[in-house]
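Here is the structure we will look at, set down as structure tokens.
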Amino acid sequence: MERDIDQMQGHIIVCGFGRMGRMVCRELGVKPVPFVVVERDEATVRRAEGDHYAVILGDATEEDTLRKAGLLRAAAVITAVPSDAENVFITLTVRALRPELVVVARAETESGTERLRQAGATRVVSAYAIGGHRMAQAILRPSVLDFVDLATHHRSLELQIEEIPINRAGSRPLGESEVRENLDVMVIAVRKAGGELRFNPSPTEPLAQGDRLLVVGEAQSLKALERKLQ
């Protein structure tokens, strides 16, 4: 396993294999996206091994543990341990070693959310805030919620929402890419490399390497589009 981890490039490091960490790993595994779990509880490590995940026994707040997980070669870190203080410390450690790396952090409290942002987390996720929002939407906008659930569920074959990076060099208009005509997908927006989000882009919208397409379509069509834009 250590040899496999040493060979990983562009993977995700998941700190913590509790309830939230297991859900994260399940979603990453279905994509599939390569990832490494960091967990300090031996019994929980055995559970991750039983799921055939690459896992390291260690404390994610320690620099050496993150290095063993391939932090210097990773694409992102998800810190999902059930402690705001530890998630803050992990975020600070990652920022010291990889200032540009994407860090998604779990927050248990409102004050923890603010501290994680101050520590440099790219995104902060509060399970309680998300749960409360979804419960309200189930009353206020049930059809919208059903659509989002359908389109973001990994087992849905009829419809999915996907974010696809454009890796080809050079710039060309969206209309010339024949995305809509040949692959029967709907382009919701283009996120430019600089971060700007352009909704309902026109056919003349230029696409360049580093941009990301937000698209809706059947799973097969989205995979074909991903291959086309590689």
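Chain labels A, B, ... are given in the sequence in which chains occur in the structure tokens; within each chain residues are numbered consecutively from 1, and ligands are likewise numbered from 1 in the order shown.
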
Name the residues in contact with range 158-168 of chain A at a cut-off of 10 Å, using only C-alpha atoms, excluding same-chain residues fewer than 2 positions from it; report them as a PyMOL selection string.
chain A and resi 147-156+170-171+185-191+193+207-223+225-230

Store the residues picked out above in a file with C-alpha atoms, as an mmCIF file, in the first residue's frame.
data_model
loop_
_atom_site.group_PDB
_atom_site.id
_atom_site.type_symbol
_atom_site.label_atom_id
_atom_site.label_comp_id
_atom_site.auth_asym_id
_atom_site.auth_seq_id
_atom_site.Cartn_x
_atom_site.Cartn_y
_atom_site.Cartn_z
ATOM 1 C CA PHE A 147 -33.956 17.674 -9.764
ATOM 2 C CA VAL A 148 -30.688 18.441 -7.991
ATOM 3 C CA ASP A 149 -30.755 15.112 -6.141
ATOM 4 C CA LEU A 150 -31.358 13.233 -9.380
ATOM 5 C CA ALA A 151 -28.688 15.081 -11.338
ATOM 6 C CA THR A 152 -25.984 14.842 -8.669
ATOM 7 C CA HIS A 153 -26.533 11.205 -7.674
ATOM 8 C CA HIS A 154 -23.751 8.997 -9.004
ATOM 9 C CA ARG A 155 -26.166 6.173 -9.882
ATOM 10 C CA SER A 156 -28.381 8.345 -12.064
ATOM 11 C CA GLY A 170 -5.710 27.329 -27.204
ATOM 12 C CA SER A 171 -8.974 29.248 -27.268
ATOM 13 C CA VAL A 185 -25.702 18.155 -23.380
ATOM 14 C CA MET A 186 -26.779 21.493 -21.930
ATOM 15 C CA VAL A 187 -24.077 23.978 -20.948
ATOM 16 C CA ILE A 188 -25.227 25.770 -17.797
ATOM 17 C CA ALA A 189 -22.168 27.942 -17.257
ATOM 18 C CA VAL A 190 -18.471 28.392 -17.881
ATOM 19 C CA ARG A 191 -16.136 29.016 -14.967
ATOM 20 C CA ALA A 193 -9.662 30.077 -15.204
ATOM 21 C CA LEU A 207 -13.165 28.388 -24.259
ATOM 22 C CA ALA A 208 -9.559 28.139 -23.141
ATOM 23 C CA GLN A 209 -7.355 25.733 -21.257
ATOM 24 C CA GLY A 210 -8.036 26.074 -17.541
ATOM 25 C CA ASP A 211 -11.753 26.878 -17.980
ATOM 26 C CA ARG A 212 -14.404 24.489 -16.611
ATOM 27 C CA LEU A 213 -17.780 23.662 -18.166
ATOM 28 C CA LEU A 214 -20.841 23.113 -15.970
ATOM 29 C CA VAL A 215 -23.059 20.818 -18.031
ATOM 30 C CA VAL A 216 -26.220 18.705 -17.739
ATOM 31 C CA GLY A 217 -26.826 15.523 -19.698
ATOM 32 C CA GLU A 218 -26.866 11.731 -19.674
ATOM 33 C CA ALA A 219 -23.907 10.031 -17.994
ATOM 34 C CA GLN A 220 -22.713 8.519 -21.277
ATOM 35 C CA SER A 221 -22.789 11.892 -23.050
ATOM 36 C CA LEU A 222 -20.894 13.589 -20.223
ATOM 37 C CA LYS A 223 -18.150 10.960 -20.333
ATOM 38 C CA LEU A 225 -17.553 15.209 -23.564
ATOM 39 C CA GLU A 226 -14.881 14.717 -20.919
ATOM 40 C CA ARG A 227 -12.842 12.606 -23.360
ATOM 41 C CA LYS A 228 -13.338 15.221 -26.096
ATOM 42 C CA LEU A 229 -11.981 18.038 -23.916
ATOM 43 C CA GLN A 230 -8.939 16.183 -22.594
#

Mind the document's chain letters and residue numbers, and return as JSON, numbers by chain the residues of range 23-229 of chain A that DSSP labels strand (DSSP E).
{"A": [35, 36, 37, 38, 39, 54, 55, 56, 57, 76, 77, 78, 79, 102, 103, 104, 105, 106, 107, 123, 124, 125, 126, 160, 161, 162, 163, 164, 165, 171, 172, 173, 186, 187, 188, 189, 190, 191, 197, 198, 199, 206, 207, 208, 212, 213, 214, 215, 216, 217]}

Hey, can you spit out that residue selection with N, CA and C atoms as a compact mmCIF listing (two decimals), in the first residue's frame?
# COMPACT_ATOMS: atom_id res chain seq x y z
N PHE A 35 -7.54 8.49 -4.12
CA PHE A 35 -7.48 9.19 -2.84
C PHE A 35 -6.77 8.32 -1.79
N VAL A 36 -6.31 8.99 -0.75
CA VAL A 36 -5.67 8.34 0.39
C VAL A 36 -6.36 8.79 1.66
N VAL A 37 -6.68 7.85 2.53
CA VAL A 37 -7.29 8.16 3.81
C VAL A 37 -6.21 8.27 4.87
N VAL A 38 -6.32 9.27 5.72
CA VAL A 38 -5.43 9.40 6.89
C VAL A 38 -6.31 9.28 8.13
N GLU A 39 -6.02 8.31 8.96
CA GLU A 39 -6.83 8.03 10.16
C GLU A 39 -5.91 7.54 11.28
N ALA A 54 -6.85 2.98 0.05
CA ALA A 54 -5.48 3.27 0.46
C ALA A 54 -5.55 4.11 1.73
N VAL A 55 -4.89 3.67 2.78
CA VAL A 55 -5.04 4.33 4.07
C VAL A 55 -3.71 4.35 4.82
N ILE A 56 -3.49 5.43 5.57
CA ILE A 56 -2.30 5.59 6.39
C ILE A 56 -2.73 5.75 7.84
N LEU A 57 -2.10 4.98 8.72
CA LEU A 57 -2.35 5.12 10.16
C LEU A 57 -1.48 6.25 10.68
N ALA A 76 -5.65 17.91 -3.80
CA ALA A 76 -6.52 18.57 -2.82
C ALA A 76 -6.49 17.80 -1.51
N VAL A 77 -6.93 18.47 -0.46
CA VAL A 77 -7.07 17.85 0.86
C VAL A 77 -8.49 18.09 1.36
N ILE A 78 -9.11 17.04 1.88
CA ILE A 78 -10.40 17.16 2.55
C ILE A 78 -10.17 16.81 4.02
N THR A 79 -10.39 17.76 4.90
CA THR A 79 -10.20 17.49 6.32
C THR A 79 -11.57 17.38 6.98
N VAL A 102 -5.93 23.14 -2.94
CA VAL A 102 -7.34 23.22 -2.56
C VAL A 102 -7.55 22.47 -1.25
N VAL A 103 -8.17 23.13 -0.27
CA VAL A 103 -8.46 22.52 1.02
C VAL A 103 -9.95 22.69 1.31
N VAL A 104 -10.66 21.57 1.43
CA VAL A 104 -12.07 21.59 1.80
C VAL A 104 -12.17 21.10 3.24
N ALA A 105 -12.75 21.91 4.12
CA ALA A 105 -12.72 21.61 5.55
C ALA A 105 -14.13 21.48 6.12
N ARG A 106 -14.26 20.56 7.05
CA ARG A 106 -15.52 20.36 7.78
C ARG A 106 -15.57 21.30 8.98
N ALA A 107 -16.73 21.90 9.21
CA ALA A 107 -16.92 22.78 10.37
C ALA A 107 -18.08 22.25 11.21
N ARG A 123 -12.73 25.98 0.86
CA ARG A 123 -14.17 25.88 1.09
C ARG A 123 -14.40 25.27 2.47
N VAL A 124 -15.44 25.76 3.14
CA VAL A 124 -15.80 25.23 4.46
C VAL A 124 -17.21 24.66 4.36
N VAL A 125 -17.39 23.43 4.83
CA VAL A 125 -18.67 22.74 4.73
C VAL A 125 -19.19 22.48 6.14
N SER A 126 -20.40 22.97 6.43
CA SER A 126 -21.06 22.71 7.70
C SER A 126 -22.22 21.76 7.46
N GLN A 160 -27.37 13.88 -15.26
CA GLN A 160 -26.33 14.23 -14.31
C GLN A 160 -25.86 15.65 -14.56
N ILE A 161 -25.41 16.29 -13.48
CA ILE A 161 -24.72 17.58 -13.59
C ILE A 161 -23.25 17.31 -13.36
N GLU A 162 -22.41 17.83 -14.24
CA GLU A 162 -20.97 17.57 -14.12
C GLU A 162 -20.18 18.84 -14.35
N GLU A 163 -19.00 18.91 -13.76
CA GLU A 163 -18.06 20.00 -13.98
C GLU A 163 -16.85 19.42 -14.68
N ILE A 164 -16.61 19.85 -15.91
CA ILE A 164 -15.59 19.23 -16.75
C ILE A 164 -14.51 20.24 -17.09
N PRO A 165 -13.26 19.93 -16.77
CA PRO A 165 -12.16 20.86 -17.09
C PRO A 165 -11.80 20.80 -18.56
N SER A 171 -7.63 28.72 -27.54
CA SER A 171 -8.97 29.25 -27.27
C SER A 171 -9.84 29.10 -28.50
N ARG A 172 -11.11 28.72 -28.28
CA ARG A 172 -12.06 28.61 -29.39
C ARG A 172 -13.45 28.88 -28.84
N PRO A 173 -14.36 29.34 -29.69
CA PRO A 173 -15.72 29.63 -29.22
C PRO A 173 -16.47 28.36 -28.84
N MET A 186 -26.44 20.09 -22.13
CA MET A 186 -26.78 21.49 -21.93
C MET A 186 -25.66 22.15 -21.12
N VAL A 187 -25.12 23.24 -21.65
CA VAL A 187 -24.08 23.98 -20.95
C VAL A 187 -24.74 25.02 -20.06
N ILE A 188 -24.62 24.84 -18.75
CA ILE A 188 -25.23 25.77 -17.80
C ILE A 188 -24.37 27.01 -17.63
N ALA A 189 -23.06 26.82 -17.52
CA ALA A 189 -22.17 27.94 -17.26
C ALA A 189 -20.74 27.56 -17.61
N VAL A 190 -19.91 28.57 -17.70
CA VAL A 190 -18.47 28.39 -17.88
C VAL A 190 -17.78 29.11 -16.73
N ARG A 191 -16.96 28.37 -15.99
CA ARG A 191 -16.14 29.02 -14.97
C ARG A 191 -14.77 29.26 -15.57
N LEU A 197 -17.67 33.30 -13.17
CA LEU A 197 -18.67 32.33 -13.58
C LEU A 197 -19.64 33.00 -14.56
N ARG A 198 -19.75 32.46 -15.77
CA ARG A 198 -20.61 33.03 -16.80
C ARG A 198 -21.76 32.05 -17.08
N PHE A 199 -22.98 32.44 -16.69
CA PHE A 199 -24.14 31.58 -16.85
C PHE A 199 -24.70 31.68 -18.27
N PRO A 206 -15.62 32.28 -25.71
CA PRO A 206 -14.37 31.57 -25.95
C PRO A 206 -14.07 30.58 -24.83
N LEU A 207 -13.59 29.40 -25.22
CA LEU A 207 -13.17 28.39 -24.26
C LEU A 207 -11.65 28.26 -24.32
N ALA A 208 -11.02 28.21 -23.19
CA ALA A 208 -9.56 28.14 -23.14
C ALA A 208 -9.13 27.12 -22.10
N ARG A 212 -13.63 25.67 -17.00
CA ARG A 212 -14.40 24.49 -16.61
C ARG A 212 -15.84 24.67 -17.07
N LEU A 213 -16.39 23.63 -17.71
CA LEU A 213 -17.78 23.66 -18.17
C LEU A 213 -18.69 23.03 -17.13
N LEU A 214 -19.79 23.69 -16.80
CA LEU A 214 -20.84 23.11 -15.97
C LEU A 214 -21.95 22.67 -16.91
N VAL A 215 -22.17 21.36 -17.01
CA VAL A 215 -23.06 20.82 -18.03
C VAL A 215 -24.05 19.83 -17.42
N VAL A 216 -25.19 19.67 -18.12
CA VAL A 216 -26.22 18.71 -17.74
C VAL A 216 -26.45 17.77 -18.92
N GLY A 217 -26.56 16.48 -18.64
CA GLY A 217 -26.83 15.52 -19.70
C GLY A 217 -26.81 14.11 -19.17

Could you name the residues that touch Ala85 in chain A at 12 Å or less, counting only C-alpha atoms, but leaving out those on the same chain fewer than 2 positions away, as an mmCIF file with N, CA and C atoms, in the first residue's frame?
data_model
loop_
_atom_site.group_PDB
_atom_site.id
_atom_site.type_symbol
_atom_site.label_atom_id
_atom_site.label_comp_id
_atom_site.auth_asym_id
_atom_site.auth_seq_id
_atom_site.Cartn_x
_atom_site.Cartn_y
_atom_site.Cartn_z
ATOM 1 N N THR A 61 -2.733 15.912 11.819
ATOM 2 C CA THR A 61 -2.235 17.228 12.236
ATOM 3 C C THR A 61 -0.705 17.289 12.181
ATOM 4 N N THR A 79 -10.390 17.760 4.900
ATOM 5 C CA THR A 79 -10.201 17.494 6.319
ATOM 6 C C THR A 79 -11.568 17.379 6.980
ATOM 7 N N ALA A 80 -11.888 16.141 7.416
ATOM 8 C CA ALA A 80 -13.234 15.828 7.885
ATOM 9 C C ALA A 80 -13.232 15.213 9.276
ATOM 10 N N VAL A 81 -12.253 15.558 10.094
ATOM 11 C CA VAL A 81 -12.245 15.044 11.465
ATOM 12 C C VAL A 81 -13.279 15.824 12.284
ATOM 13 N N PRO A 82 -13.857 15.222 13.328
ATOM 14 C CA PRO A 82 -14.953 15.872 14.060
ATOM 15 C C PRO A 82 -14.496 16.869 15.105
ATOM 16 N N SER A 83 -13.521 17.697 14.764
ATOM 17 C CA SER A 83 -13.012 18.706 15.696
ATOM 18 C C SER A 83 -12.610 19.937 14.911
ATOM 19 N N ASN A 87 -9.221 20.445 12.543
ATOM 20 C CA ASN A 87 -9.369 20.815 11.137
ATOM 21 C C ASN A 87 -8.644 22.122 10.836
ATOM 22 N N VAL A 88 -8.673 23.062 11.773
ATOM 23 C CA VAL A 88 -7.929 24.309 11.608
ATOM 24 C C VAL A 88 -6.438 24.025 11.553
ATOM 25 N N PHE A 89 -5.961 23.160 12.461
ATOM 26 C CA PHE A 89 -4.531 22.855 12.513
ATOM 27 C C PHE A 89 -4.074 22.150 11.242
ATOM 28 N N ILE A 90 -4.892 21.213 10.748
ATOM 29 C CA ILE A 90 -4.550 20.523 9.499
ATOM 30 C C ILE A 90 -4.490 21.514 8.345
ATOM 31 N N THR A 91 -5.469 22.410 8.291
ATOM 32 C CA THR A 91 -5.496 23.421 7.228
ATOM 33 C C THR A 91 -4.249 24.298 7.266
ATOM 34 N N LEU A 92 -3.858 24.735 8.452
ATOM 35 C CA LEU A 92 -2.653 25.559 8.596
ATOM 36 C C LEU A 92 -1.407 24.792 8.167
ATOM 37 N N ALA A 105 -12.749 21.910 4.124
ATOM 38 C CA ALA A 105 -12.725 21.611 5.549
ATOM 39 C C ALA A 105 -14.127 21.482 6.125
ATOM 40 N N ARG A 106 -14.265 20.560 7.049
ATOM 41 C CA ARG A 106 -15.516 20.360 7.782
ATOM 42 C C ARG A 106 -15.568 21.303 8.981
ATOM 43 N N ALA A 107 -16.728 21.895 9.213
ATOM 44 C CA ALA A 107 -16.922 22.777 10.368
ATOM 45 C C ALA A 107 -18.076 22.247 11.207
ATOM 46 N N GLU A 108 -17.879 22.245 12.516
ATOM 47 C CA GLU A 108 -18.913 21.804 13.442
ATOM 48 C C GLU A 108 -19.714 22.978 14.006
ATOM 49 N N THR A 109 -19.110 24.157 14.060
ATOM 50 C CA THR A 109 -19.762 25.319 14.673
ATOM 51 C C THR A 109 -19.594 26.538 13.769
ATOM 52 N N SER A 111 -18.421 29.442 14.756
ATOM 53 C CA SER A 111 -17.100 30.018 15.025
ATOM 54 C C SER A 111 -16.008 29.208 14.344
ATOM 55 N N GLY A 112 -16.213 27.887 14.269
ATOM 56 C CA GLY A 112 -15.249 27.043 13.563
ATOM 57 C C GLY A 112 -15.206 27.362 12.084
ATOM 58 N N THR A 113 -16.357 27.674 11.507
ATOM 59 C CA THR A 113 -16.403 28.059 10.098
ATOM 60 C C THR A 113 -15.536 29.280 9.840
ATOM 61 N N GLU A 114 -15.644 30.271 10.698
ATOM 62 C CA GLU A 114 -14.862 31.498 10.530
ATOM 63 C C GLU A 114 -13.373 31.233 10.741
ATOM 64 N N ARG A 115 -13.036 30.418 11.729
ATOM 65 C CA ARG A 115 -11.621 30.123 11.986
ATOM 66 C C ARG A 115 -10.998 29.356 10.826
ATOM 67 N N LEU A 116 -11.761 28.451 10.235
ATOM 68 C CA LEU A 116 -11.237 27.688 9.099
ATOM 69 C C LEU A 116 -11.006 28.589 7.894
ATOM 70 N N ALA A 119 -7.912 30.393 8.526
ATOM 71 C CA ALA A 119 -6.750 29.511 8.401
ATOM 72 C C ALA A 119 -6.375 29.267 6.949
#

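Distances here use only C-alpha atoms; by that measure, the residue among A:Glu196, A:Ala43, A:Ala60, A:His133 closest to Glu86 in chain A is A:Ala60.
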